[in-house]
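The next block holds one structure in the form of structure tokens; read it before the comments.
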Amino acid sequence: MIERIETGQRMSRIVKHNGTIYLCGQVCKDATQGIKEQTASMLEKVDDLLRQAGSDRKHILSATIYIKDMQYFKEMNEVWDNWVPEGFAPARACVEAKMARDVLLVEISVVAVEIQSA
């Protein structure tokens with residue numbers, strides 16, 4: 001069974017299937033800020049969606065990060081490295097990409113698993 005959460009015409013914010021959680025791309029809350037702030041805000045949104053879907057950052061399988069310019073790579077990684085729990089780093093890709101809005105510096109797409117209750 002496929003469960004779609006917060007579904008609109010274009011996309012669902014969360015899709016769940018057989019214990020796997022797919023999040024739509026997440027960007028920051030305030031695009032007027034710098035890369036560190038945008039990254040932190042984006043990751044807060046990931047935390048919120050994972051919680052809503054019955055998971056957390058320790059259960060992320062993979063993450064794809066889209067960054068506007070690789071000049072921001074080091075600063076983005078400083079925030080990412082502090083956010084990922086030690087020993088729980090997911091498979092990850094990071095690519096330079098043109099953003100949907102010019103002020104956006106970073107976006108992330110996440111796949112995770114549901115936390116199984118004991």
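Within each chain, counting starts at residue 1; across the structure tokens, chains are named A, B, ... in the order shown, with ligands numbered 1 upward in that order.
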Can you list, as a ChimeraX atom specification, every protein, DNA or RNA residue that comes within 9 Å of Lys58 of chain A when you count only C-alpha atoms, leaving out same-chain residues fewer than 5 positions away? /A:84-85,87-90,112
In Å to one decimal, how far is atom CA of Val111 of chain A from atom CA of Tyr66 of chain A?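 Between these atoms lies a distance of 14.8 Å.
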I'd like the contact shell of Glu44 of chain A - 9 Å cut-off, only C-alpha atoms, skipping same-chain residues fewer than 5 positions apart - returned as a VMD selection string. chain A and resid 28 39 49
May I have the residues from that selection written out with C-alpha atoms, as a PDB file, in the first residue's frame?
ATOM      1  CA  CYS A  28      15.116  26.516   3.762  1.00  0.00           C
ATOM      2  CA  THR A  39      21.197  24.353   5.442  1.00  0.00           C
ATOM      3  CA  LEU A  49       8.781  15.571   8.135  1.00  0.00           C
TER       4      LEU A  49
END
Using only C-alpha atoms, which residue out of A:Val27, A:Met76, A:Ala91, A:Lys45 lies closest to Ala63 of chain A? A:Ala91
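Among the candidate residues A:Val113, A:Ile35, A:Val106, A:Val46, the one lying nearest to Ile67 of chain A is A:Val106, with distances computed using only C-alpha atoms.
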Would you please extract all strand (DSSP E or B) residues from chain A, as assigned by DSSP on the backbone, and give them as a compact mmCIF listing (two decimals) with N, CA and C atoms, in the first residue's frame?
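Output (result34.txt):
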# COMPACT_ATOMS: atom_id res chain seq x y z
N ILE A 2 0.50 2.21 -0.76
CA ILE A 2 1.20 3.50 -0.81
C ILE A 2 0.39 4.53 -0.04
N GLU A 3 1.05 5.23 0.89
CA GLU A 3 0.41 6.29 1.65
C GLU A 3 1.05 7.61 1.25
N ARG A 4 0.22 8.56 0.86
CA ARG A 4 0.70 9.88 0.47
C ARG A 4 0.20 10.90 1.50
N ILE A 5 1.12 11.72 2.00
CA ILE A 5 0.80 12.69 3.04
C ILE A 5 1.07 14.09 2.50
N GLU A 6 0.11 15.00 2.77
CA GLU A 6 0.18 16.38 2.29
C GLU A 6 0.35 16.39 0.77
N THR A 7 -0.62 15.80 0.11
CA THR A 7 -0.58 15.67 -1.34
C THR A 7 -1.26 16.85 -2.02
N SER A 12 3.54 15.09 -3.38
CA SER A 12 3.24 14.81 -1.97
C SER A 12 4.49 15.16 -1.18
N ARG A 13 4.30 15.71 0.02
CA ARG A 13 5.48 16.03 0.85
C ARG A 13 6.13 14.76 1.38
N ILE A 14 5.30 13.73 1.65
CA ILE A 14 5.80 12.44 2.15
C ILE A 14 5.07 11.34 1.41
N VAL A 15 5.82 10.32 0.99
CA VAL A 15 5.22 9.10 0.43
C VAL A 15 5.82 7.93 1.19
N LYS A 16 4.94 7.03 1.67
CA LYS A 16 5.39 5.85 2.41
C LYS A 16 4.95 4.59 1.66
N HIS A 17 5.88 3.62 1.57
CA HIS A 17 5.58 2.35 0.90
C HIS A 17 6.43 1.26 1.52
N THR A 20 9.27 2.22 3.77
CA THR A 20 10.23 3.19 3.25
C THR A 20 9.54 4.54 3.11
N ILE A 21 10.23 5.58 3.51
CA ILE A 21 9.70 6.95 3.50
C ILE A 21 10.48 7.77 2.48
N TYR A 22 9.76 8.44 1.61
CA TYR A 22 10.35 9.32 0.60
C TYR A 22 9.87 10.74 0.89
N LEU A 23 10.81 11.65 1.06
CA LEU A 23 10.45 13.05 1.26
C LEU A 23 10.67 13.82 -0.03
N CYS A 24 9.77 14.76 -0.30
CA CYS A 24 9.99 15.63 -1.45
C CYS A 24 11.17 16.54 -1.13
N GLY A 25 11.71 17.19 -2.11
CA GLY A 25 12.84 18.09 -1.90
C GLY A 25 12.50 19.17 -0.88
N GLN A 26 13.44 19.41 0.02
CA GLN A 26 13.26 20.41 1.07
C GLN A 26 14.26 21.53 0.90
N ILE A 60 17.75 7.48 8.17
CA ILE A 60 17.88 7.91 6.78
C ILE A 60 18.75 6.92 6.03
N LEU A 61 18.25 6.46 4.89
CA LEU A 61 18.99 5.55 4.03
C LEU A 61 19.89 6.32 3.07
N SER A 62 19.31 7.34 2.43
CA SER A 62 20.08 8.11 1.46
C SER A 62 19.61 9.55 1.42
N ALA A 63 20.53 10.41 1.02
CA ALA A 63 20.22 11.84 0.87
C ALA A 63 20.92 12.33 -0.39
N THR A 64 20.19 13.11 -1.16
CA THR A 64 20.77 13.78 -2.32
C THR A 64 20.68 15.27 -2.05
N ILE A 65 21.83 15.92 -2.05
CA ILE A 65 21.91 17.35 -1.78
C ILE A 65 22.22 18.07 -3.08
N TYR A 66 21.42 19.09 -3.35
CA TYR A 66 21.62 19.94 -4.52
C TYR A 66 22.11 21.28 -3.99
N ILE A 67 23.26 21.72 -4.48
CA ILE A 67 23.86 22.96 -4.00
C ILE A 67 24.05 23.90 -5.19
N ALA A 91 23.90 6.96 2.88
CA ALA A 91 24.49 7.10 1.54
C ALA A 91 24.13 8.50 1.08
N ARG A 92 25.07 9.18 0.42
CA ARG A 92 24.80 10.58 0.08
C ARG A 92 25.46 10.95 -1.23
N ALA A 93 24.76 11.82 -1.96
CA ALA A 93 25.33 12.45 -3.15
C ALA A 93 25.13 13.95 -2.99
N CYS A 94 26.06 14.71 -3.54
CA CYS A 94 25.93 16.16 -3.53
C CYS A 94 26.32 16.66 -4.91
N VAL A 95 25.41 17.37 -5.55
CA VAL A 95 25.66 17.86 -6.90
C VAL A 95 25.37 19.35 -6.99
N GLU A 96 26.11 20.03 -7.84
CA GLU A 96 25.82 21.43 -8.13
C GLU A 96 24.64 21.47 -9.09
N VAL A 106 20.57 25.71 -1.42
CA VAL A 106 20.68 24.28 -1.16
C VAL A 106 19.29 23.64 -1.06
N GLU A 107 19.21 22.39 -1.50
CA GLU A 107 17.98 21.60 -1.41
C GLU A 107 18.39 20.16 -1.14
N ILE A 108 17.50 19.42 -0.46
CA ILE A 108 17.81 18.03 -0.14
C ILE A 108 16.60 17.14 -0.41
N SER A 109 16.88 15.93 -0.87
CA SER A 109 15.87 14.89 -1.04
C SER A 109 16.32 13.70 -0.19
N VAL A 110 15.39 13.13 0.58
CA VAL A 110 15.73 12.12 1.58
C VAL A 110 14.86 10.86 1.41
N VAL A 111 15.49 9.71 1.61
CA VAL A 111 14.79 8.43 1.71
C VAL A 111 15.17 7.84 3.06
N ALA A 112 14.17 7.40 3.82
CA ALA A 112 14.40 6.85 5.15
C ALA A 112 13.51 5.62 5.36
N VAL A 113 13.70 4.97 6.50
CA VAL A 113 12.83 3.86 6.86
C VAL A 113 12.03 4.25 8.09
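Counting only C-alpha atoms and comparing A:Leu105, A:Ser55, A:Met1, A:Arg10, the residue that lies closest to Ala31 of chain A is A:Leu105.
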Name the residues of chain A that come out as alpha helix (DSSP H) in a backbone DSSP run; write them as a count of residues only. 30
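Atom CA of Glu75 of chain A is positioned 18.0 Å from atom CA of Met99 of chain A.
Rounded to one decimal, atom CA of Ala40 of chain A and atom CA of Gly8 of chain A lie 25.7 Å from each other.
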Can you pull out the residues contacting Asp30 of chain A? Cut-off 9 Å, using only C-alpha atoms, and skip same-chain residues under 4 positions away; I want them as a ChimeraX atom specification. /A:37-38,41,104
Using only C-alpha atoms for the distances, tell me which of A:Val103, A:Arg51, A:Lys68, A:Arg57 is nearest to Trp80 of chain A. A:Arg57
With distances taken over only C-alpha atoms, which residue among A:Glu114, A:Gly54, A:Gln71, A:Val79 lies nearest Met42 of chain A? A:Val79
